[in-house]
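Source file: structure-v6.txt (compact mmCIF, C-alpha atoms)
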# COMPACT_ATOMS: atom_id res chain seq x y z
CA MET A 12 -57.66 -58.69 -69.34
CA CYS A 13 -60.91 -56.76 -69.04
CA ALA A 14 -62.12 -58.01 -72.39
CA ASP A 15 -61.20 -61.57 -71.42
CA VAL A 16 -63.32 -61.40 -68.27
CA GLY A 17 -66.35 -60.12 -70.13
CA CYS A 18 -65.98 -62.65 -72.92
CA ARG A 19 -65.43 -65.61 -70.65
CA TYR A 20 -68.29 -65.04 -68.26
CA GLY A 21 -70.58 -63.81 -71.01
CA PHE A 22 -69.86 -66.93 -73.06
CA GLU A 23 -70.36 -69.25 -70.08
CA GLY A 24 -73.59 -67.53 -69.10
CA MET A 25 -74.94 -67.66 -72.64
CA LEU A 26 -74.18 -71.38 -72.96
CA GLN A 27 -75.73 -72.13 -69.57
CA ALA A 28 -78.84 -70.15 -70.49
CA ILE A 29 -79.24 -71.97 -73.80
CA TYR A 30 -78.13 -75.52 -72.96
CA GLY A 31 -78.36 -75.65 -69.17
CA PHE A 32 -81.20 -75.92 -66.67
CA ASP A 33 -81.98 -79.58 -67.54
CA ARG A 34 -82.99 -78.87 -71.11
CA GLU A 35 -84.54 -81.80 -72.93
CA PRO A 36 -82.62 -83.49 -75.75
CA LEU A 37 -82.72 -81.81 -79.14
CA ASP A 38 -84.61 -83.30 -82.08
CA CYS A 39 -82.61 -85.37 -84.52
CA GLU A 40 -83.93 -86.50 -87.88
CA HIS A 41 -81.29 -89.19 -88.38
CA ASP A 42 -81.34 -92.64 -86.88
CA ASP A 43 -77.55 -92.86 -86.88
CA VAL A 44 -76.05 -91.71 -83.58
CA ARG A 45 -72.88 -90.45 -85.28
CA GLN A 46 -74.85 -87.80 -87.17
CA CYS A 47 -76.40 -86.43 -83.97
CA LEU A 48 -73.33 -85.83 -81.86
CA PHE A 49 -74.73 -82.98 -79.75
CA ARG A 50 -78.27 -84.20 -79.29
CA LYS A 51 -77.98 -83.98 -75.52
CA PRO A 52 -77.38 -80.43 -74.20
CA ASP A 53 -75.09 -81.84 -71.50
CA ASP A 54 -72.75 -83.07 -74.25
CA VAL A 55 -72.47 -79.52 -75.61
CA LEU A 56 -71.63 -78.13 -72.17
CA ARG A 57 -69.11 -80.90 -71.51
CA GLU A 58 -67.40 -80.44 -74.88
CA LEU A 59 -67.10 -76.67 -74.40
CA ASP A 60 -65.87 -77.20 -70.81
CA VAL A 61 -68.62 -75.24 -69.08
CA GLU A 62 -70.54 -78.10 -67.52
CA TYR A 63 -69.63 -77.00 -63.99
CA ALA A 64 -70.17 -73.27 -64.54
CA HIS A 65 -73.10 -71.67 -62.75
CA PHE A 66 -75.34 -69.13 -64.44
CA TYR A 67 -75.88 -66.97 -61.36
CA VAL A 68 -72.13 -66.74 -60.68
CA ASP A 69 -71.51 -65.55 -64.24
CA PHE A 70 -74.33 -63.04 -63.92
CA VAL A 71 -73.06 -61.63 -60.61
CA ILE A 72 -69.50 -61.32 -61.90
CA LEU A 73 -70.62 -59.55 -65.08
CA CYS A 74 -72.85 -57.15 -63.12
CA SER A 75 -70.15 -56.33 -60.59
CA PHE A 76 -67.59 -55.87 -63.38
CA PHE A 77 -70.01 -53.45 -65.05
CA VAL A 78 -70.59 -51.47 -61.84
CA VAL A 79 -66.88 -51.27 -60.96
CA LEU A 80 -65.98 -50.16 -64.47
CA ARG A 81 -68.72 -47.50 -64.50
CA ALA A 82 -67.73 -46.19 -61.07
CA GLY A 83 -64.08 -46.06 -62.08
CA CYS A 84 -64.91 -44.13 -65.25
CA TYR A 85 -67.08 -41.71 -63.28
CA PHE A 86 -64.36 -40.92 -60.76
CA VAL A 87 -61.68 -40.52 -63.42
CA LEU A 88 -63.89 -38.15 -65.43
CA ARG A 89 -64.76 -36.21 -62.29
CA TRP A 90 -61.07 -35.91 -61.37
CA ARG A 91 -60.15 -34.81 -64.92
CA ALA A 92 -62.92 -32.20 -64.96
CA ARG A 93 -61.71 -30.77 -61.66
CA VAL A 94 -58.08 -30.58 -62.78
CA HIS A 95 -58.90 -28.68 -65.99
As structure tokens, the full file:
Amino acid sequence: MCADVGCRYGFEGMLQAIYGFDREPLDCEHDDVRQCLFRKPDDVLRELDVEYAHFYVDFVILCSFFVVLRAGCYFVLRWRARVH
């Protein structure tokens, strides 16, 4: 589960950082619309089902996950050092 949390929120945050924040449409060399399926960044976010994700929420969750995991490791190592 821990790996799933990191992957999910990391993936959502990365996509929001790249394709979010009202990015302008990408360049397309072809005149045919069918060859430029993901010209609009909103289409990419919609297709990957992260159009309603928020960058700051992903960032806060990843940071708090990092802090909780570090604190947990610290206390377990401290406990193990005291026992032995």
Find the smallest box with edges along x, y and z containing every listed atom of range 22-35 of chain A, then add 4 Å on each side and report centre and edge lengths in Å to one decimal, as JSON.
{"center_x": -77.2, "center_y": -74.4, "center_z": -70.2, "size_x": 22.7, "size_y": 22.9, "size_z": 15.1}
Worksheet item: Of the residues A:Glu40, A:Glu23, A:Glu58, A:Asp53, which is the one nearest to Phe70 in chain A, using only C-alpha atoms?
Response: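 Of A:Glu40, A:Glu23, A:Glu58, A:Asp53, the one nearest Phe70 in chain A, counting only C-alpha atoms, is A:Glu23.
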Worksheet entry | Selection: 12 Å around Ile29 in chain A, all atoms listed in the file, excl. self and same-chain fewer than 4 positions, as an NGL selection string | :A and (22-25 or 33-35 or 37 or 52-53 or 55-56 or 66)
Discussion item. Using Å and a single decimal, report how far CA of Leu26 in chain A sits from CA of Val78 in chain A.
Written reply: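 Separation between CA of Val78 in chain A and CA of Leu26 in chain A: 23.1 Å.
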Discussion item. Can you pull out the residues contacting His65 in chain A? Cut-off 10 Å, using all atoms listed in the file, and skip same-chain residues under 6 positions away; I want them as number ranges by chain.
Written reply: A: 20, 23-24, 27-28, 31-32
Worksheet item: Can you tell me how far CA of Arg50 in chain A sits from CA of Asp69 in chain A, in Å to one decimal?
Response: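 Answer for the CA of Arg50 in chain A to CA of Asp69 in chain A separation: 24.9 Å.
The shortest atom-to-atom distance to Arg19 in chain A, with only C-alpha atoms taken into account, belongs to A:Ala64 out of A:Ala64, A:His95, A:Tyr85, A:Lys51.
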Practice prompt. Just give me the gap between CA of Asp15 in chain A and CA of Ser75 in chain A in Å, one decimal is fine.
Written response: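 Going from CA of Asp15 in chain A over to CA of Ser75 in chain A, I get 15.0 Å.
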